[in-house]
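Colleague: So I've got this file, model_33.tsv, and it contains TSV, C-alpha atoms and all ligand atoms:
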```tsv
chain	number	residue	atom	x	y	z
A	1	MET	CA	123.42	132.63	106.42
A	2	SER	CA	121.43	135.72	105.59
A	3	THR	CA	118.55	136.63	107.85
A	4	PRO	CA	115.30	136.13	105.99
A	5	ILE	CA	112.88	139.03	106.00
A	6	ALA	CA	109.66	137.98	107.70
A	7	ALA	CA	106.99	137.55	105.06
A	8	PRO	CA	104.29	135.25	106.43
A	9	ASP	CA	102.96	134.27	103.03
A	10	ALA	CA	106.36	133.63	101.52
A	11	VAL	CA	108.12	131.50	104.11
A	12	ALA	CA	110.88	129.55	102.39
A	13	ASP	CA	112.08	127.29	105.18
A	14	ARG	CA	109.11	125.04	105.66
A	15	THR	CA	109.59	122.05	107.90
A	16	ALA	CA	108.50	118.53	107.07
A	17	THR	CA	107.16	116.75	110.15
A	18	LYS	CA	107.17	113.01	110.50
A	19	ARG	CA	103.71	111.58	109.89
A	20	THR	CA	101.99	108.39	110.97
A	21	ILE	CA	98.99	107.46	108.90
A	22	LEU	CA	96.49	104.67	108.31
A	23	MET	CA	95.55	103.50	104.82
A	24	CYS	CA	93.34	100.79	103.31
A	25	LYS	CA	94.16	99.11	100.01
A	26	PRO	CA	91.25	99.36	97.52
A	27	THR	CA	91.13	95.60	96.92
A	28	PHE	CA	87.33	95.63	96.88
A	29	TYR	CA	86.87	99.14	95.50
A	30	THR	CA	84.06	99.82	93.06
A	31	VAL	CA	81.16	102.24	92.69
A	32	SER	CA	78.00	100.23	93.32
A	33	TYR	CA	75.82	102.85	95.03
A	34	ARG	CA	75.47	106.61	94.92
A	35	ILE	CA	75.88	108.65	98.11
A	36	ASN	CA	77.59	111.69	96.60
A	37	PRO	CA	77.32	113.47	93.24
A	38	TRP	CA	80.66	112.09	92.04
A	39	MET	CA	79.44	108.49	92.09
A	40	HIS	CA	77.85	106.92	89.00
A	41	PRO	CA	77.21	103.24	89.67
A	42	GLU	CA	76.11	102.75	86.06
A	43	ALA	CA	79.62	103.66	84.82
A	44	PRO	CA	82.39	101.08	84.98
A	45	THR	CA	85.27	101.24	87.46
A	46	ASP	CA	88.63	99.55	87.19
A	47	THR	CA	89.64	98.05	90.52
A	48	SER	CA	93.15	97.07	89.43
A	49	LYS	CA	93.78	100.62	88.20
A	50	ALA	CA	92.51	101.93	91.55
A	51	VAL	CA	94.96	99.61	93.31
A	52	GLN	CA	97.85	100.78	91.10
A	53	GLN	CA	97.07	104.45	91.70
A	54	TRP	CA	96.65	103.90	95.43
A	55	GLN	CA	99.98	102.02	95.47
A	56	ARG	CA	101.66	105.05	93.93
A	57	LEU	CA	100.23	107.22	96.74
A	58	TYR	CA	101.49	104.69	99.26
A	59	ASP	CA	104.96	104.70	97.67
A	60	VAL	CA	105.11	108.50	97.70
A	61	TYR	CA	104.29	108.50	101.42
A	62	ARG	CA	106.95	105.84	101.98
A	63	GLU	CA	109.52	107.92	100.12
A	64	LEU	CA	108.60	110.87	102.34
A	65	GLY	CA	109.45	108.72	105.35
A	66	TYR	CA	105.97	108.43	106.82
A	67	ASP	CA	105.00	105.52	109.05
A	68	ILE	CA	102.14	103.81	107.27
A	69	GLU	CA	99.74	101.48	109.04
A	70	LEU	CA	97.35	99.34	107.02
A	71	ILE	CA	93.86	98.10	107.82
A	72	ASP	CA	92.61	95.02	105.97
A	73	PRO	CA	90.00	95.81	103.34
A	74	ILE	CA	86.68	94.02	103.73
A	75	GLU	CA	84.77	92.58	100.79
A	76	GLY	CA	81.46	94.35	100.27
A	77	LEU	CA	82.72	97.65	101.71
A	78	PRO	CA	83.97	99.35	98.52
A	79	ASP	CA	84.43	102.77	100.16
A	80	MET	CA	86.70	101.45	102.90
A	81	VAL	CA	89.68	102.77	100.89
A	82	TYR	CA	88.68	106.25	102.09
A	83	ALA	CA	90.36	105.69	105.43
A	84	ALA	CA	89.99	109.32	106.50
A	85	ASN	CA	86.35	108.56	107.24
A	86	GLY	CA	87.21	105.70	109.58
A	87	GLY	CA	87.49	107.91	112.66
A	88	PHE	CA	89.43	110.75	114.24
A	89	VAL	CA	92.57	110.00	116.23
A	90	LEU	CA	94.30	112.37	118.62
A	91	ASP	CA	96.00	112.19	122.03
A	92	GLY	CA	95.83	108.37	122.00
A	93	ILE	CA	92.04	108.41	121.70
A	94	ALA	CA	90.15	107.28	118.62
A	95	TYR	CA	86.70	108.81	118.21
A	96	GLY	CA	84.85	106.25	116.13
A	97	ALA	CA	82.89	107.05	113.01
A	98	LYS	CA	79.15	106.61	112.72
A	99	PHE	CA	78.34	106.79	109.05
A	100	GLN	CA	75.27	108.48	107.72
A	101	TYR	CA	74.53	106.03	104.89
A	102	PRO	CA	73.78	102.36	105.65
A	103	GLU	CA	76.14	101.28	102.85
A	104	ARG	CA	79.12	102.49	104.87
A	105	GLN	CA	77.92	101.85	108.41
A	106	PRO	CA	79.83	98.56	108.93
A	107	GLU	CA	83.07	100.46	108.36
A	108	GLY	CA	82.66	102.21	111.72
A	109	PRO	CA	83.11	99.08	113.89
A	110	ALA	CA	85.79	97.72	111.53
A	111	TYR	CA	87.94	100.79	112.03
A	112	MET	CA	87.21	100.83	115.78
A	113	ASP	CA	88.49	97.24	115.99
A	114	TRP	CA	91.67	98.33	114.29
A	115	PHE	CA	92.10	101.27	116.67
A	116	ARG	CA	91.66	98.96	119.68
A	117	GLY	CA	94.20	96.54	118.23
A	118	ALA	CA	96.63	99.42	117.85
A	119	GLY	CA	96.31	100.16	121.56
A	120	LEU	CA	94.22	103.28	121.21
A	121	GLU	CA	91.41	104.10	123.58
A	122	VAL	CA	88.19	104.09	121.57
A	123	ALA	CA	85.41	106.59	122.16
A	124	GLU	CA	82.27	104.99	120.72
A	125	PRO	CA	80.28	107.60	118.81
A	126	ALA	CA	76.73	108.42	119.79
A	127	GLU	CA	76.37	111.00	117.02
A	128	THR	CA	76.63	110.68	113.25
A	129	ASN	CA	80.11	111.64	112.10
A	130	GLU	CA	82.48	110.62	109.32
A	131	GLY	CA	85.83	110.99	111.03
A	132	GLU	CA	88.57	113.00	109.44
A	133	GLY	CA	86.37	113.58	106.45
A	134	ASP	CA	84.73	116.28	108.57
A	135	PHE	CA	87.21	116.83	111.43
A	136	LEU	CA	90.51	118.52	110.70
A	137	LEU	CA	93.07	119.38	113.36
A	138	VAL	CA	94.63	122.77	112.67
A	139	GLY	CA	97.01	123.81	115.40
A	140	ASP	CA	95.11	123.20	118.65
A	141	VAL	CA	91.72	123.65	117.09
A	142	ILE	CA	89.46	121.09	115.43
A	143	LEU	CA	87.68	122.40	112.36
A	144	ALA	CA	84.43	120.49	112.05
A	145	GLY	CA	82.26	120.24	108.96
A	146	THR	CA	78.52	119.71	108.81
A	147	GLY	CA	75.77	120.14	106.27
A	148	PHE	CA	75.89	116.82	104.46
A	149	ARG	CA	77.42	114.03	106.52
A	150	SER	CA	78.52	114.68	110.09
A	151	ASP	CA	75.75	115.95	112.36
A	152	SER	CA	76.53	119.14	114.27
A	153	THR	CA	75.77	117.23	117.49
A	154	SER	CA	78.99	115.29	116.79
A	155	HIS	CA	80.86	118.57	117.06
A	156	GLU	CA	79.77	118.81	120.69
A	157	GLU	CA	80.67	115.17	121.19
A	158	ILE	CA	84.20	115.57	119.82
A	159	ALA	CA	84.70	118.76	121.87
A	160	ARG	CA	83.83	116.81	125.04
A	161	ILE	CA	86.14	113.93	124.15
A	162	TYR	CA	89.26	115.97	123.44
A	163	GLY	CA	88.55	119.09	125.49
A	164	ARG	CA	89.60	121.23	122.56
A	165	GLU	CA	88.07	124.12	120.78
A	166	VAL	CA	85.87	122.92	117.91
A	167	VAL	CA	84.92	125.32	115.15
A	168	THR	CA	81.77	124.42	113.22
A	169	LEU	CA	81.80	125.10	109.49
A	170	LYS	CA	78.75	124.58	107.31
A	171	LEU	CA	79.16	123.11	103.84
A	172	ILE	CA	76.60	124.11	101.22
A	173	ASN	CA	77.65	122.44	97.94
A	174	PRO	CA	76.84	118.71	97.69
A	175	SER	CA	79.95	118.13	95.56
A	176	PHE	CA	82.02	119.22	98.58
A	177	TYR	CA	80.16	117.14	101.10
A	178	HIS	CA	83.05	116.47	103.49
A	179	LEU	CA	85.18	119.21	105.03
A	180	ASP	CA	88.34	117.62	103.60
A	181	THR	CA	87.04	118.24	100.07
A	182	ALA	CA	86.89	121.99	100.75
A	183	VAL	CA	89.73	122.59	103.24
A	184	ALA	CA	93.36	121.48	103.09
A	185	VAL	CA	95.46	121.67	106.25
A	186	LEU	CA	98.87	122.95	105.15
A	187	ASP	CA	100.66	123.03	108.48
A	188	PRO	CA	100.15	120.02	110.75
A	189	GLU	CA	102.17	121.97	113.30
A	190	PRO	CA	102.02	125.75	113.63
A	191	VAL	CA	104.76	127.83	111.98
A	192	ASP	CA	105.50	130.95	114.05
A	193	GLY	CA	102.29	130.29	115.95
A	194	VAL	CA	100.19	130.01	112.82
A	195	ALA	CA	98.87	126.87	111.15
A	196	ASN	CA	97.63	127.68	107.70
A	197	ILE	CA	95.02	126.14	105.44
A	198	ALA	CA	93.73	126.34	101.88
A	199	TYR	CA	90.01	126.41	101.21
A	200	LEU	CA	87.29	126.82	98.63
A	201	GLU	CA	85.19	129.86	99.47
A	202	SER	CA	82.06	128.83	97.57
A	203	ALA	CA	81.77	125.60	99.57
A	204	PHE	CA	80.73	127.44	102.77
A	205	ASP	CA	77.82	129.48	104.02
A	206	GLU	CA	78.43	133.15	104.92
A	207	PRO	CA	78.88	132.75	108.70
A	208	SER	CA	81.44	129.99	108.14
A	209	LEU	CA	83.26	132.09	105.56
A	210	ALA	CA	83.47	134.95	108.04
A	211	ILE	CA	85.09	132.58	110.54
A	212	LEU	CA	87.57	131.26	107.98
A	213	ARG	CA	88.53	134.74	106.82
A	214	GLU	CA	89.09	135.93	110.36
A	215	ARG	CA	91.06	132.92	111.53
A	216	PHE	CA	93.06	132.34	108.38
A	217	PRO	CA	93.76	135.69	106.78
A	218	ASP	CA	96.72	134.23	104.86
A	219	ALA	CA	94.93	131.13	103.62
A	220	ILE	CA	95.34	129.95	100.07
A	221	LEU	CA	92.04	130.43	98.25
A	222	ALA	CA	91.59	127.52	95.90
A	223	THR	CA	90.20	127.91	92.40
A	224	GLU	CA	86.93	126.28	91.35
A	225	GLU	CA	88.85	124.36	88.68
A	226	ASP	CA	91.20	122.75	91.19
A	227	ALA	CA	88.38	122.05	93.63
A	228	ALA	CA	86.36	120.43	90.84
A	229	ILE	CA	88.90	117.60	90.70
A	230	LEU	CA	89.11	117.46	94.51
A	231	GLY	CA	92.45	119.24	94.36
A	232	LEU	CA	92.02	120.47	97.93
A	233	ASN	CA	91.78	116.90	99.14
A	234	SER	CA	95.49	116.79	99.85
A	235	TYR	CA	97.89	115.78	102.59
A	236	SER	CA	100.68	117.98	103.95
A	237	ASP	CA	103.56	117.28	106.31
A	238	GLY	CA	104.30	120.99	106.58
A	239	TYR	CA	106.64	121.05	103.59
A	240	ASN	CA	105.62	118.32	101.17
A	241	VAL	CA	102.01	118.52	100.08
A	242	VAL	CA	100.66	115.52	98.21
A	243	ILE	CA	97.94	116.75	95.87
A	244	ALA	CA	95.92	115.71	92.83
A	245	ALA	CA	98.26	115.80	89.83
A	246	ARG	CA	95.78	117.87	87.84
A	247	ALA	CA	95.50	120.63	90.48
A	248	THR	CA	98.11	122.78	88.74
A	249	THR	CA	97.04	126.18	90.09
A	250	PHE	CA	97.01	124.83	93.64
A	251	ALA	CA	100.52	123.46	93.01
A	252	GLU	CA	101.63	126.92	91.91
A	253	GLN	CA	100.01	128.58	94.95
A	254	LEU	CA	101.80	126.11	97.21
A	255	ARG	CA	105.18	126.69	95.56
A	256	GLU	CA	104.79	130.46	96.01
A	257	ARG	CA	104.45	129.87	99.76
A	258	GLY	CA	107.48	127.62	99.99
A	259	TYR	CA	105.71	124.26	100.04
A	260	ASN	CA	106.69	121.36	97.84
A	261	PRO	CA	103.64	120.05	95.97
A	262	ILE	CA	103.79	116.44	94.82
A	263	GLY	CA	101.15	115.41	92.29
A	264	VAL	CA	99.55	111.98	92.38
A	265	ASP	CA	96.89	110.74	89.95
A	266	LEU	CA	93.96	109.10	91.74
A	267	SER	CA	91.48	109.44	88.86
A	268	GLU	CA	89.93	106.06	89.56
A	269	LEU	CA	89.24	106.88	93.21
A	270	LEU	CA	87.77	110.22	92.16
A	271	LEU	CA	84.90	108.20	90.66
A	272	GLY	CA	83.90	107.38	94.23
A	273	GLY	CA	84.21	111.03	95.26
A	274	GLY	CA	87.55	110.83	97.00
A	275	GLY	CA	91.15	111.93	96.61
A	276	VAL	CA	94.49	111.96	98.39
A	277	LYS	CA	93.30	113.00	101.85
A	278	CYS	CA	90.29	110.68	101.78
A	279	CYS	CA	92.73	107.78	101.47
A	280	THR	CA	94.76	109.01	104.44
A	281	LEU	CA	93.83	108.88	108.13
A	282	ASP	CA	96.25	110.97	110.17
A	283	LEU	CA	97.00	109.14	113.42
A	284	HIS	CA	98.44	112.31	115.05
A	285	PRO	CA	100.60	110.32	117.46
A	286	ILE	CA	102.05	112.06	120.49
A	287	GLY	CA	105.65	113.00	119.92
A	288	THR	CA	105.61	113.73	116.21
A	289	GLY	CA	107.74	116.71	117.10
A	290	THR	CA	110.86	115.10	115.66
A	291	SER	CA	110.90	117.47	112.75
A	292	ARG	CA	113.60	117.51	110.20
A	293	ARG	CA	114.27	120.65	108.33
A	294	GLN	CA	114.26	120.35	104.58
A	295	GLU	CA	117.19	121.44	102.48
A	296	GLN	CA	116.45	124.78	100.97
A	297	ARG	CA	116.16	124.62	97.23
A	301	LIG	N1	82.22	107.38	98.37
A	301	LIG	C1	82.65	107.92	99.61
A	301	LIG	C2	81.49	108.60	100.31
A	301	LIG	O1	80.72	109.24	99.64
A	301	LIG	C3	83.79	108.87	99.43
A	301	LIG	C4	84.38	109.35	100.71
A	301	LIG	C5	85.46	110.36	100.52
A	301	LIG	N2	86.16	110.60	101.72
A	301	LIG	C6	86.49	111.81	102.20
A	301	LIG	N3	87.23	111.86	103.27
A	301	LIG	N4	86.07	112.91	101.65
A	301	LIG	O2	81.31	108.50	101.49
```
Can you present the structure in this file as C-alpha cells?

Modeller:
Amino acid sequence: MSTPIAAPDAVADRTATKRTILMCKPTFYTVSYRINPWMHPEAPTDTSKAVQQWQRLYDVYRELGYDIELIDPIEGLPDMVYAANGGFVLDGIAYGAKFQYPERQPEGPAYMDWFRGAGLEVAEPAETNEGEGDFLLVGDVILAGTGFRSDSTSHEEIARIYGREVVTLKLINPSFYHLDTAVAVLDPEPVDGVANIAYLESAFDEPSLAILRERFPDAILATEEDAAILGLNSYSDGYNVVIAARATTFAEQLRERGYNPIGVDLSELLLGGGGVKCCTLDLHPIGTGTSRRQEQR
C-alpha cells in the first residue's frame, strides 16, 4: 500500500456510510397548484411515470444498502412525495414541519404521526419550517435556509431543540426556494475533520456567501446549468452520490474528488420542483458509524 499524498480536494478513499431514510411513493402525485416557479398546473403530469422514476430511485438506494422506511401517501396531498420536507430528524428527536402554504399544511401532522409511530420523540413546531428542505446537517452544524419557505424564527427553534450550532443562509432566487435545491451535503460524516458541500453561489445573498466561502473553502461550486435541473438536489452517503442524470458537470466535479456519482432521472418529479434529495428524508439514526470502506477503483 502506498501512502497517499494529502490533497484535500482529491481524496480517493471516500467512505460510504450506512444510511437510513424515509420515502413516500408518489401514488397521488400531480401538479394541481403553483407554490414554486417550477410548477405549471395547466401542463399535464404523468403519475405512473412519476411512480416508475421514483421506484428507480428507491431501487438504487436499496442496491446501495440503505435502510428505507416508507410513509403511506395520502390522497389529496400530491407533494407528499417530497419527504425531505416532512420534518428534520436527529438524535432521536423529530422536529415537525409547519408548511408555509395551506396546500401542504396537512403533511406536517401526517409526518409527525409517522415519527411517533417510529418511536421518535416529536418536537411540535411553533415556527414555519419545511424540514430537511431547509435544514441540512453538515458535520455538527445545521445549515438553515430562509428567504422563501422556512421562517428565520425556526432557526432559533431548531437550535434550542438540538442544542447545536445553526447557520442561517438566505436564499434569493425563487427557483432555489429550499436550501436543498442550492446546497448538496457531500459528506454525511466528516472526513479528516471536514464535511464538504457543493453549492450554487448565485442562490445566496452576499453575507451568506461570505459564510459559505469561509466555512467551505473546498466546496464544489455548481454550474448554473446543473442547478437549473435541480442537479444539486442530491443525496450522498460519503462515497456514492445520487444525482440528477442530466447534471453531467456536477458528476464530473464529484468524480474528480473521488466520489461516485449515480445518475437517476426524476424528470416527472421536477415538474413539481423537486429532485433526488426532496424525495429523501435522512433519519440520521444514532450509530450510523458502521462505515464500510469502498473498494478503490
Ligand atoms: N412542490 C413542492 C413545494 O413547492 C416541492 C418541494 C421540493 N422539496 C424540497 N425538499 N426541495 O413545496

Colleague: Using all atoms listed in the file, what are the residues with an atom within 8 Å of ligand LIG 301 (chain A), set out as a PyMOL selection string?

Modeller: chain A and resi 31+34-36+39+79+82-85+101+104+130-134+177-181+233+272-275+277-279

Colleague: For A:Glu252, which of A:Ile68, A:Ser234, A:Asp113, A:Asp226 is the closest residue, counting only C-alpha atoms?

Modeller: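 Closest to A:Glu252, using only C-alpha atoms: A:Asp226.
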
Colleague: Residues within 8 Å of A:His155, please, as a list of chain:residue names. Count all atoms listed in the file; anything in the same chain fewer than 4 positions from it doesn't count.

Modeller: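 Final neighbour list, sorted by chain and number: A:Ala144, A:Asp151, A:Ala159, A:Val166, A:Thr168.
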
Colleague: Counting only C-alpha atoms, what is within 9 Å of stretch 199-203 of chain A, bar same-chain residues fewer than 6 positions away, as a PyMOL selection string?

Modeller: chain A and resi 170-177+181-185+209+212+219-224+227+232

Colleague: Take the residues from that selection and write them out as a CSV table (one decimal), in the frame of the given file, keeping C-alpha atoms.

Modeller:
```csv
chain,number,residue,atom,x,y,z
A,170,LYS,CA,78.8,124.6,107.3
A,171,LEU,CA,79.2,123.1,103.8
A,172,ILE,CA,76.6,124.1,101.2
A,173,ASN,CA,77.6,122.4,97.9
A,174,PRO,CA,76.8,118.7,97.7
A,175,SER,CA,80.0,118.1,95.6
A,176,PHE,CA,82.0,119.2,98.6
A,177,TYR,CA,80.2,117.1,101.1
A,181,THR,CA,87.0,118.2,100.1
A,182,ALA,CA,86.9,122.0,100.8
A,183,VAL,CA,89.7,122.6,103.2
A,184,ALA,CA,93.4,121.5,103.1
A,185,VAL,CA,95.5,121.7,106.2
A,209,LEU,CA,83.3,132.1,105.6
A,212,LEU,CA,87.6,131.3,108.0
A,219,ALA,CA,94.9,131.1,103.6
A,220,ILE,CA,95.3,130.0,100.1
A,221,LEU,CA,92.0,130.4,98.2
A,222,ALA,CA,91.6,127.5,95.9
A,223,THR,CA,90.2,127.9,92.4
A,224,GLU,CA,86.9,126.3,91.4
A,227,ALA,CA,88.4,122.0,93.6
A,232,LEU,CA,92.0,120.5,97.9
```

Colleague: Calculated over all atoms listed in the file, which of the candidates A:Phe88, A:Tyr111, A:Tyr259, A:Tyr235 has the smallest distance to A:Tyr162?

Modeller: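 Closest residue, counting all atoms listed in the file: A:Phe88.
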
Colleague: For a test of reading the model, state the distance in Å between atom CA of A:Val138 and atom CA of A:Leu186, rounded to one decimal.

Modeller: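 According to the coordinates, atom CA of A:Val138 and atom CA of A:Leu186 are separated by 8.6 Å.
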
Colleague: Between A:Gln100, A:Asn240, A:Gln105, A:Gln52, single out the one closest to A:Gly65, counting only C-alpha atoms.

Modeller: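 Distance minimum relative to A:Gly65 lands on A:Asn240.
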
Colleague: Write out as a list in words which residues come within 8 Å of A:Gly139 when counting all atoms listed in the file, dropping same-chain ones fewer than 4 positions away.

Modeller: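 What passes the distance filter is Asp187, Pro188, Glu189, Pro190, Val194 and Ala195 of chain A.
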
Colleague: Hey, can I get the axis-aligned box for stretch 95-113 of chain A? All listed atoms, 4 Å padding on each side, centre and edge lengths in Å to one decimal, as AutoDock Vina command-line options.

Modeller:
```
--center_x 81.1 --center_y 103.0 --center_z 110.5 --size_x 22.7 --size_y 19.6 --size_z 23.4
```

Colleague: Using Å and a single decimal, report how far atom CA of A:Arg19 sits from atom CA of A:Asp218.

Modeller: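 Going from atom CA of A:Asp218 over to atom CA of A:Arg19 covers 24.2 Å.
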
Colleague: Near A:Val60, counting all atoms listed in the file, which residues have an atom at most 10 Å away, once you skip same-chain residues fewer than 5 positions from it, shown as an MDAnalysis selection string?

Modeller: chainID A and resid 54:55 65:66 242 262:264

Colleague: Nearest residue to A:Phe204 out of A:Pro41, A:Ser150, A:Ala251, A:Gly145, using all atoms listed in the file?

Modeller: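 Nearest candidate to A:Phe204 out of A:Pro41, A:Ser150, A:Ala251, A:Gly145: A:Gly145.
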
Colleague: Give me, please, the distance in Å between atom CA of A:Pro37 and atom CA of A:Ala244, quoted to one decimal.

Modeller: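 Between these atoms lies a distance of 18.7 Å.
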
Colleague: Which is closer to A:Leu22 than all the others in A:Leu57, A:Glu69, A:Leu137, A:Glu63, using only C-alpha atoms?

Modeller: A:Glu69

Colleague: Please provide as an NGL selection string all residues within 9 Å of A:Val81, with the sequence filter that same-chain residues fewer than 3 positions apart are discarded (counting all atoms listed in the file).

Modeller: :A and (23-29 or 54 or 73 or 77-78 or 84 or 269 or 278-280)
